[in-house]
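Report on the structure given below.
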2 protein chains.
Amino acid sequence: MPLDPQRFLDDLRKLRSFGASGVGKGVVRQAYSDADIAARKWLAGRMKKAGLEPHFDPLGNLFGLAAEKSLLLGSHSDSQPEGGWLDGALGVAAGLEVARAAREAGGPPISCVSFQDEEGRFGVLTGSDVWTGKLALAEADGFADNTGNTLADMRAQIAEQAGDFLPHSRFSGFLEMHIEQGPYLEETGLRLGVVTDIVGIRDMRITFEGRQNHAGTTPMHLRRDAFQALSAFNAVLNSRFANVVTPATVWTIGHVALHPNASSVVPGRVEFSMQWRDADAGRLARMEAIIEDTAQEIAASHGVTAKLGPVMGIEPAAMAARFQVELADAAEALAPSKWQKMPSGALHDAANLATVMPAGMLFVPSIGGISHAFDEDTDEADLVLGLKVLDRAALALAV
Amino acid sequence: MPLDPQRFLDDLRKLRSFGASGVGKGVVRQAYSDADIAARKWLAGRMKKAGLEPHFDPLGNLFGLAAEKSLLLGSHSDSQPEGGWLDGALGVAAGLEVARAAREAGGPPISCVSFQDEEGRFGVLTGSDVWTGKLALAEADGFADNTGNTLADMRAQIAEQAGDFLPHSRFSGFLEMHIEQGPYLEETGLRLGVVTDIVGIRDMRITFEGRQNHAGTTPMHLRRDAFQALSAFNAVLNSRFANVVTPATVWTIGHVALHPNASSVVPGRVEFSMQWRDADAGRLARMEAIIEDTAQEIAASHGVTAKLGPVMGIEPAAMAARFQVELADAAEALAPSKWQKMPSGALHDAANLATVMPAGMLFVPSIGGISHAFDEDTDEADLVLGLKVLDRAALALAV
């Protein structure tokens, strides 16, 4: 039987019924919740029925294995606490359909997967972090969620089903289809994105410490106002970044804590977050140097001290050239001029997979750029187009 | 007996023993606390001993009355939750000494006063607000402190001692000596400040509402970042204010609340405080217009909406010309070239008194500009010099 878009859509909608939020098409299906485990057991049944061997590893990553070494397709089926129906689930349902159709049609061996805890209830991309060796299982076991549950306790729920970790050598490469989660494709009227890189992230905390003072009796020229230092830092940084960034580079001050945060007091201290993302590790480093220089210069000119916390980071991951070529060829064949190459500003399991095997990613548009919210959605025609492009590329890569 | 600086210092130190914090010279003597009421009863005894008639009004404002219509000298003896030993207490002890010495020397009639709740446990300058008619007693009675006590309940503690509100016509004017609570006198090497005006205050809340978004997938040019709007607003405002302010004008963004305040999320909303102070009501209004225009312009250029809350205000209060002249003459006589005229950036009871009688204020330096803290202090020589200048001016004004 050839690729069956209707069967794919039916699976995708059935998956939505596990943890359906009752608000729009949204889902509440965090990793290891009852809804998540029920969904994985249902998925395992669908794999088995398709002639793919279901295999849970100790983390709860669920594989649907072809008999031989194969290409691997998939994403994750856990959701954000208030999640959309497509974030992860789309790639899982599409991977299952492509693997199933290939098997039914006597095509090349293709396996599929749903990684566990991509949404970071316990870590960052916990399931693929552990499987690809970025994070030790013993360390991950100690992680606790916001309510104090440990990963060790949560994964014990599926211990009976769980086998060993699979060797990476069982797979020749990884393909992930995902919603864009941003507005770019919709903005430009395109229907598909072939991912070139998954951007790296740098994150740090910066503190400016000045002097807390009476907002009535302290003349402007004697103030050491931490908020004014932050505002000046932000302005100078924006102007200096203009010389080094690309249109895909992003940076954000998303968290600000002023002290004492009272309208009648000159703020004596501000702690804030500085996050920046780019596909090029060299550019990330140049931006880091600009941040450090600017913070120290602003501190000196504003009579405050700057304390820069450690730089946390996730490395950029380039998608394999051959995978980009096959996805681009398939996109051009099925949607001529309606696709583009683009980086992914969000993290995905494919970033981890790229460290152990060739990997590629395909994006479909997000309506209004909305994600991590119940009203996340994509036109059905785009879902089906994405499935067909994924299938065409997979068949080209799997032979 | 002439003015007795040692007796004044002894009274000031004794007053410190009521609610002594045990940390440096600090005091914990909030309005209507046991320590505050004990201090007022002790003060009433000192007044009586000096031949001044102690009189509590219904709020707990404590007057030490000369027999005839007289000049009134004083300040407040309640403190901040963590207060310095001089904030208010200095003016009360100095007023008592000047009134006492005048009586002993057969000089003009001079009365003294300690206002209640100047530090705003319940309101702003509660005791003088009610006495001068700015605030109705019935309204004030409903005010509650941070722990839910009402003013009505608190003032009931002194109901037995309390008489009526005194008519303003009993007094010919008001003189208040106070610590500067700022760094200006110390910075310029001066020992006295003759207050020209008590500045007016304007206070408002401003909200910029943009769109909350993923900090990885939202390109910079599509963001509607509320923090970026705030930072730009602040920068433009600083530059526009430069054309209208004087060196004594101050403005402060002291409170900032970002939403959702997470490092990986483009901030969708910011609510912040905008406070500005100046002695000239016209300038306060010009600044308000600049704030409103700038907020709307920034909103338009940053794709956010600006919502401006109501403007809360306290009017500037000019000190009486004759009172300024007599204080300046006394300062020049006792400390040639070591004084200056200056506005008060902090609020004082004298601002209320100025609405019902001529009023004047004298500042002595604050070491390091520190106030509202246990380590607030002033050189003893400056305390005594201030007392002598206050006395000289009072005798000139009282005849």
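As shown in the structure tokens, the chain order sets the letters A, B, ...; within each chain, residues go from 1, and ligands are also counted from 1 in the order they appear.
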
Can you list every residue of chain A that has an atom at most 6 Å from chain B, with its nearest atom pair and the distance in Å to one decimal, using only C-alpha atoms, ordered by chain then number, as JSON lines?
```
{"residue": "A:Gly182", "atom": "CA", "partner": "B:Thr217", "partner_atom": "CA", "distance": 4.8}
{"residue": "A:Gly216", "atom": "CA", "partner": "B:Gly345", "partner_atom": "CA", "distance": 4.3}
{"residue": "A:Thr217", "atom": "CA", "partner": "B:Gly345", "partner_atom": "CA", "distance": 4.5}
{"residue": "A:Thr218", "atom": "CA", "partner": "B:Gly182", "partner_atom": "CA", "distance": 5.6}
{"residue": "A:Ser231", "atom": "CA", "partner": "B:Ser231", "partner_atom": "CA", "distance": 5.0}
{"residue": "A:Gly254", "atom": "CA", "partner": "B:Ser263", "partner_atom": "CA", "distance": 4.4}
{"residue": "A:His255", "atom": "CA", "partner": "B:Asn261", "partner_atom": "CA", "distance": 4.3}
{"residue": "A:Asn261", "atom": "CA", "partner": "B:His255", "partner_atom": "CA", "distance": 4.3}
{"residue": "A:Ala262", "atom": "CA", "partner": "B:His255", "partner_atom": "CA", "distance": 5.0}
{"residue": "A:Ser263", "atom": "CA", "partner": "B:Gly254", "partner_atom": "CA", "distance": 4.4}
{"residue": "A:Val265", "atom": "CA", "partner": "B:Gly254", "partner_atom": "CA", "distance": 5.8}
{"residue": "A:Val266", "atom": "CA", "partner": "B:Gly254", "partner_atom": "CA", "distance": 5.7}
{"residue": "A:Pro267", "atom": "CA", "partner": "B:Gly254", "partner_atom": "CA", "distance": 5.6}
{"residue": "A:Ser273", "atom": "CA", "partner": "B:Ser263", "partner_atom": "CA", "distance": 5.6}
{"residue": "A:Gly345", "atom": "CA", "partner": "B:Gly216", "partner_atom": "CA", "distance": 4.3}
{"residue": "A:Ala346", "atom": "CA", "partner": "B:Gly216", "partner_atom": "CA", "distance": 5.1}
```

Residues of range 176-214 of chain B within 9 Å of range 333-340 of chain B: nearest atom pair and distance (Å, one decimal) for each, counting only C-alpha atoms, sorted by chain and number, as a tab-separated table?
```
residue	atom	partner	partner_atom	distance
B:Leu185	CA	B:Trp339	CA	8.3
B:Gly189	CA	B:Lys338	CA	7.5
B:Leu190	CA	B:Lys338	CA	4.7
B:Arg191	CA	B:Lys338	CA	5.6
B:Leu192	CA	B:Trp339	CA	4.5
B:Gly193	CA	B:Gln340	CA	5.1
B:Val194	CA	B:Gln340	CA	6.1
B:Val195	CA	B:Gln340	CA	8.6
```

Write out as a PyMOL selection string all residues of range 50-221 of chain B that DSSP puts in strand (DSSP E or B) for this structure's backbone. chain B and resi 53-56+62-65+70-76+83+110-115+144+150+162+171-179+192-198+200-209+213-214

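What separates CA of Ala396 in chain A from CA of Glu326 in chain A is a distance of 6.9 Å.
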
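Of the listed residues B:Leu390, B:Ile298, B:Ala20, B:Ala138, the one whose atoms come nearest to Glu82 in chain B is B:Ala20, with distances taken using only C-alpha atoms.
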
Show which residues sit within 8 Å of Asp145 in chain A, as an MDAnalysis selection string. Count only C-alpha atoms, and ignore same-chain residues fewer than 3 positions away. chainID A and resid 121:122 148:151

Using only C-alpha atoms, can you tell me which of A:Ala351, A:Leu362, A:Met287, A:Ala295 comes closest to Ile314 in chain A? A:Ala351

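Remark: for Lys341 in chain A, the closest of the candidate residues A:Gln80, A:Ser239, A:Thr294, A:Thr196 is A:Thr196 (distances computed over only C-alpha atoms).
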
Which of range 331-365 of chain A counts as alpha helix (DSSP H) under DSSP, as a ChimeraX atom specification please? /A:331-334,349-353

Go ahead and dump the residues you just picked, N, CA and C atoms, as an mmCIF file, in the first residue's frame.
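As a result, selection-v1.cif now contains:
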```cif
data_model
loop_
_atom_site.group_PDB
_atom_site.id
_atom_site.type_symbol
_atom_site.label_atom_id
_atom_site.label_comp_id
_atom_site.auth_asym_id
_atom_site.auth_seq_id
_atom_site.Cartn_x
_atom_site.Cartn_y
_atom_site.Cartn_z
ATOM 1 N N ALA A 331 10.988 18.841 -1.911
ATOM 2 C CA ALA A 331 10.145 20.030 -1.763
ATOM 3 C C ALA A 331 9.929 20.702 -3.123
ATOM 4 N N GLU A 332 10.994 20.828 -3.896
ATOM 5 C CA GLU A 332 10.892 21.493 -5.196
ATOM 6 C C GLU A 332 10.018 20.683 -6.157
ATOM 7 N N ALA A 333 10.094 19.340 -6.036
ATOM 8 C CA ALA A 333 9.281 18.488 -6.913
ATOM 9 C C ALA A 333 7.799 18.607 -6.589
ATOM 10 N N LEU A 334 7.457 18.692 -5.297
ATOM 11 C CA LEU A 334 6.053 18.655 -4.893
ATOM 12 C C LEU A 334 5.457 20.042 -4.643
ATOM 13 N N ASP A 349 15.024 17.412 18.865
ATOM 14 C CA ASP A 349 15.795 16.181 19.042
ATOM 15 C C ASP A 349 16.847 16.014 17.950
ATOM 16 N N ALA A 350 16.551 16.513 16.734
ATOM 17 C CA ALA A 350 17.505 16.367 15.626
ATOM 18 C C ALA A 350 18.862 16.988 15.956
ATOM 19 N N ALA A 351 18.885 18.007 16.855
ATOM 20 C CA ALA A 351 20.171 18.600 17.239
ATOM 21 C C ALA A 351 21.029 17.579 17.976
ATOM 22 N N ASN A 352 20.397 16.775 18.827
ATOM 23 C CA ASN A 352 21.143 15.698 19.491
ATOM 24 C C ASN A 352 21.526 14.597 18.523
ATOM 25 N N LEU A 353 20.564 14.180 17.681
ATOM 26 C CA LEU A 353 20.830 13.073 16.758
ATOM 27 C C LEU A 353 21.989 13.396 15.831
#
```

Which residues are near Ile367 in chain A? Cut-off 7 Å, only C-alpha atoms, ignore same chain within fewer than 6 positions. Put them as a list in words. Glu186, Asp377 and Thr378 of chain A

Could you name the residues that touch Glu53 in chain A at 9 Å or less, counting only C-alpha atoms, but leaving out those on the same chain fewer than 5 positions away, as a count of residues only? 9

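The gap separating CA of Pro81 in chain A from CA of Asn146 in chain A is 11.3 Å, in Å to one decimal.
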
Name all residues at most 7 Å from Ser128 in chain A (count only C-alpha atoms; drop same-chain ones fewer than 2 positions away) and give them as a short mmCIF file (atom, residue, chain, number, x, y, z; two decimals) with C-alpha atoms, in the first residue's frame.
```cif
data_model
loop_
_atom_site.label_atom_id
_atom_site.label_comp_id
_atom_site.auth_asym_id
_atom_site.auth_seq_id
_atom_site.Cartn_x
_atom_site.Cartn_y
_atom_site.Cartn_z
CA PHE A 115 11.50 10.48 21.97
CA LEU A 125 15.63 17.31 25.55
CA THR A 126 15.88 14.58 28.16
CA VAL A 130 20.47 10.51 27.36
CA TRP A 131 20.28 8.25 24.29
CA THR A 132 22.90 10.25 22.37
CA ASP A 349 15.80 16.18 19.04
CA ASN A 352 21.14 15.70 19.49
#
```

Please list as a VMD selection string every residue within 10 Å of Leu383 in chain A, counting only C-alpha atoms and excluding residues in the same chain fewer than 6 positions away. chain A and resid 5 8 to 9 86 90 94 177 to 179 191 to 192 363 to 365 377
